[in-house]
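What follows is a short report on a single structure.
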Amino acid sequence: MDHGPNNLAFYICGCLLLLIGLVKLPAAISRRNDLLLRAAVLLLVVGSTVFFFAAPDSIALINDLTGIPNLAAPLAYTSLTAFSGASLLLIINWRPAPPEQTHRASLICIAGFTLVILAIHVLFWVGDAPVEQLTLFDGYYASTPYIREMILLYLVAQGTATLTTSILCWRWSREVDGSLRAGLLILVPAYLLHVVYDSVKLVAIVASWTGRRWDFLIDQVAPLAAAPSALLVVCGFALPLAGPRMTQNAQALRQLKDLEPLWQEVQRVPTPGAVRTSLPWWSTPAVRLTARKTRIFDALLSVAPYCDPGLRERSYRAAEQAGLEEPATSVAAEAAMLVAAVEQRQKATSPDDAPDVPLWRPRDLVPLSKALTGPLVQEVRRNHGVTAESSPS
């Protein structure tokens with residue numbers, strides 16, 4: 001029987017979980033006090049092993065290498081049980097609660113699932129499962145002494161853990177917001193689908209006890225719940241982990257857009273001492289924003305000696321007469337002074353020609369950039385014969 005497509009689905013889900021875990025691994029290593037991050041990374045890695053062990057090709061390989069029929073079954077059950085228990089343990093420690101309550105619940109969770117995993121292996125070795133089953137182990141051995149108990153134990157333990165985890169995620173999601181809330185709301189159906197996976201298998205097992213063979217529930221229907229559950233788990237844990245960086249990059253993109261008028265203005269400023277390097281295409285918006293601010297400050301430092309305080313005062317009074325109020329009045333006056341200073345800097349044949357005036361440095365670049373498109377600045381451009389276009393950098 002060809003299991004190629006099934007294998008591909010298992011391996012893709014496993015690789016996605018492992019990839020996200022490896023991406024966050026350096027942060028988990030460097031942030032030694034962030035136990036939750038380390039637990040999340042460990043959970044993702046454990047989750048990836050679930051899919052690697054559960055793939056039919058992996059099952060056959062493990063059985064062949066060890067020479068023990070169906071040894072892959074308790075290994076896969078161990079991974080599934082460990083993943084379910086680790087998910088519950090992570091949510092218990094992640095969710096705000098009194099330390100004593102969290103500690104007590106964690107100990108119960110660890111002890112309970114450790115006993116379940118030990119029992120799975122004991123029951124397998126006590127039982128007898130000589131006929132290899134790659135995809136129908138649960139249904140084939142549903143009535144076999146000890147093996148039957150092993151299957152029921154892992155399904156009940158896993159279903160209980162995932163249902164509890166889903167409930168805790170739902171309750172906690174109502175207390176938080178942002179990327180954490182979004183991640184928790186994704187994890188709710190993710191773990192509920194896992195409950196469906198366990199329930200479907202239990203239905204097939206109970207049916208086998210009454211003489212019915214509903215194996216299609218095990219190898220065809222149950223995997224339909226497992227695959228989307230895995231993808232949702234990936235998204236649910238990845239979103240809170242990546243949320244702060246996504247927010248940072250979104251803010252950087254907004255600032256880059258807001259700084260565009262100022263960026264275009266200072267492109268006309270010669271900065272002989274500045275080192276200009278091109279950023280690689282994969283640079284993040286935050287990195288690009290830092291580089292752009294550095295270039296802007298270099299240019300402002302170059303034009304600072306050409307800033308005319310008298311023009312700023314006149315522009316300030318004109319802004320007041322136009323009905324502007326602080327701090328917009330001061331920013332508009334500084335923007336007008338900057339436009340004139342850029343023009344003077346372009347006309348200067350040498351930096352030594354700069355007048356001896358106090359250096360000027362704006363307090364905030366974004367309001368200054370926005371003011372460059374205002375009517376007061378346009379009037380200064382007309383009076384000084386300055387165009388808004390910038391020369392190539």
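Labels used: A, B, ... for chains in the order of the structure tokens, numbers from 1 for residues in each chain, and numbers from 1 for ligands as shown.
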Could you give me, as a ChimeraX atom specification, each residue of segment 76-323 of chain A that DSSP assigns to helix (DSSP H, G or I) when run on this structure's backbone? /A:76-94,99-126,137-140,147-173,178-209,215-258,260-266,285-306,309-321
Contacts of segment 190-296 of chain A with segment 141-153 of chain A up to 9 Å, shortest pair per row, only C-alpha atoms, as a tab-separated table:
```
residue	atom	partner	partner_atom	distance
A:Leu202	CA	A:Leu152	CA	7.7
A:Ala204	CA	A:Ala142	CA	8.9
A:Ile205	CA	A:Ala142	CA	5.6
A:Val206	CA	A:Ala142	CA	8.1
A:Ser208	CA	A:Ala142	CA	6.9
A:Trp209	CA	A:Ser143	CA	6.7
```
Pick from A:Met337, A:Leu180, A:Ile120, A:Ala291: nearest to Pro309 of chain A, with only C-alpha atoms counted?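 When distances to Pro309 of chain A are compared using only C-alpha atoms, the smallest one comes from A:Met337.
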Tell me, in Å to one decimal, how far atom CA of Phe124 of chain A is from atom CA of Asn70 of chain A. 9.4 Å
Shortest interatomic distance to Val269 of chain A - which of A:His194, A:Arg292, A:Arg345, A:Lys257, counting only C-alpha atoms: A:Arg345
With only C-alpha atoms as the counted atoms, please give the residues lying no more than 12 Å from Ser369 of chain A, apart from itself and same-chain residues fewer than 5 positions off, as a compact mmCIF listing (two decimals) with N, CA, C and O atoms, in the first residue's frame.
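Once everything was written out, this is out14.txt:
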```
# COMPACT_ATOMS: atom_id res chain seq x y z
N GLN A 255 6.91 54.54 10.51
CA GLN A 255 7.87 55.63 10.66
C GLN A 255 8.61 55.89 9.35
O GLN A 255 8.90 57.05 9.02
N LEU A 256 8.94 54.82 8.63
CA LEU A 256 9.60 55.02 7.33
C LEU A 256 8.72 55.84 6.39
O LEU A 256 9.21 56.72 5.68
N LYS A 257 7.42 55.55 6.41
CA LYS A 257 6.49 56.30 5.57
C LYS A 257 6.39 57.75 6.05
O LYS A 257 6.39 58.69 5.22
N ASP A 258 6.31 57.95 7.36
CA ASP A 258 6.20 59.31 7.90
C ASP A 258 7.47 60.12 7.64
O ASP A 258 7.40 61.35 7.49
N LEU A 259 8.62 59.47 7.59
CA LEU A 259 9.89 60.17 7.40
C LEU A 259 10.21 60.43 5.93
O LEU A 259 11.23 61.05 5.63
N GLU A 260 9.36 59.96 5.02
CA GLU A 260 9.67 60.09 3.59
C GLU A 260 9.89 61.54 3.15
O GLU A 260 10.85 61.83 2.43
N PRO A 261 9.03 62.52 3.54
CA PRO A 261 9.31 63.91 3.14
C PRO A 261 10.66 64.43 3.62
O PRO A 261 11.39 65.09 2.88
N LEU A 262 11.00 64.12 4.87
CA LEU A 262 12.30 64.56 5.40
C LEU A 262 13.44 63.84 4.69
O LEU A 262 14.48 64.43 4.39
N TRP A 263 13.23 62.55 4.41
CA TRP A 263 14.25 61.77 3.69
C TRP A 263 14.51 62.36 2.31
O TRP A 263 15.66 62.52 1.88
N GLN A 264 13.45 62.72 1.60
CA GLN A 264 13.60 63.33 0.28
C GLN A 264 14.32 64.69 0.37
O GLN A 264 15.12 65.03 -0.49
N GLU A 265 14.03 65.43 1.44
CA GLU A 265 14.66 66.75 1.60
C GLU A 265 16.16 66.63 1.82
O GLU A 265 16.95 67.34 1.21
N VAL A 266 16.57 65.74 2.72
CA VAL A 266 17.99 65.66 3.07
C VAL A 266 18.81 64.95 2.00
O VAL A 266 20.04 64.97 2.05
N LYS A 293 17.49 56.83 9.77
CA LYS A 293 17.64 57.88 10.78
C LYS A 293 19.09 58.32 10.89
O LYS A 293 19.37 59.52 11.07
N ILE A 296 19.77 60.59 8.04
CA ILE A 296 19.10 61.87 8.22
C ILE A 296 19.86 62.74 9.22
O ILE A 296 20.09 63.94 8.99
N ALA A 328 2.81 72.47 17.08
CA ALA A 328 2.85 72.53 15.62
C ALA A 328 3.53 73.81 15.14
O ALA A 328 4.21 73.81 14.10
N VAL A 331 7.38 73.34 15.29
CA VAL A 331 7.83 72.36 14.31
C VAL A 331 7.77 72.94 12.90
O VAL A 331 8.68 72.74 12.09
N ALA A 332 6.69 73.68 12.59
CA ALA A 332 6.57 74.30 11.27
C ALA A 332 7.69 75.32 11.04
O ALA A 332 8.25 75.41 9.94
N GLU A 334 10.69 75.24 12.42
CA GLU A 334 11.94 74.50 12.23
C GLU A 334 12.01 73.89 10.83
O GLU A 334 13.07 73.84 10.21
N ALA A 335 10.86 73.41 10.32
CA ALA A 335 10.83 72.84 8.98
C ALA A 335 11.15 73.90 7.93
O ALA A 335 11.90 73.64 6.97
N ALA A 336 10.59 75.10 8.12
CA ALA A 336 10.88 76.19 7.19
C ALA A 336 12.36 76.56 7.24
O ALA A 336 13.00 76.79 6.20
N LEU A 338 14.79 74.60 8.05
CA LEU A 338 15.56 73.49 7.47
C LEU A 338 15.61 73.59 5.95
O LEU A 338 16.68 73.40 5.35
N VAL A 339 14.48 73.90 5.33
CA VAL A 339 14.45 74.00 3.87
C VAL A 339 15.42 75.07 3.38
O VAL A 339 16.17 74.87 2.42
N PRO A 362 16.84 68.67 15.84
CA PRO A 362 15.41 68.54 16.14
C PRO A 362 15.18 67.49 17.22
O PRO A 362 15.92 66.53 17.34
N ARG A 363 14.12 67.71 17.99
CA ARG A 363 13.80 66.76 19.06
C ARG A 363 13.14 65.50 18.52
O ARG A 363 13.31 64.42 19.04
N ASP A 364 12.33 65.64 17.48
CA ASP A 364 11.60 64.50 16.92
C ASP A 364 11.56 64.64 15.41
O ASP A 364 11.14 65.68 14.88
N GLY A 374 3.68 71.23 4.73
CA GLY A 374 2.73 72.28 5.09
C GLY A 374 2.88 73.54 4.24
O GLY A 374 3.89 73.75 3.56
N VAL A 377 6.08 75.92 4.78
CA VAL A 377 7.31 75.46 4.13
C VAL A 377 7.24 75.71 2.62
O VAL A 377 8.24 76.07 2.00
```
Within 10 Å of Ile117 of chain A, counting only C-alpha atoms, which residues show up once you throw out same-chain ones fewer than 4 positions away? Write them as number ranges by chain, please. A: 74-75, 77-82, 112-113, 121-122, 150, 153-154, 157
Report as a JSON list (two decimals) with C-alpha atoms, in the first residue's frame all protein, DNA and RNA residues lying within 10 Å of Val200 of chain A, evaluated on only C-alpha atoms, omitting residues in the same chain fewer than 3 positions from it.
```
[["chain", "number", "residue", "atom", "x", "y", "z"],
["A", 194, "HIS", "CA", -7.05, 16.86, 18.60],
["A", 195, "VAL", "CA", -9.93, 15.88, 20.88],
["A", 196, "VAL", "CA", -11.90, 15.03, 17.73],
["A", 197, "TYR", "CA", -8.95, 12.92, 16.55],
["A", 203, "VAL", "CA", -15.45, 5.26, 18.34],
["A", 204, "ALA", "CA", -13.69, 2.84, 15.98],
["A", 205, "ILE", "CA", -12.23, 0.88, 18.92],
["A", 217, "LEU", "CA", -12.24, 6.05, 10.96],
["A", 218, "ILE", "CA", -8.67, 5.36, 12.09],
["A", 221, "VAL", "CA", -11.13, 10.17, 9.06],
["A", 222, "ALA", "CA", -8.91, 10.76, 12.12],
["A", 223, "PRO", "CA", -5.95, 12.12, 10.08],
["A", 225, "ALA", "CA", -8.46, 16.29, 12.10]]
```
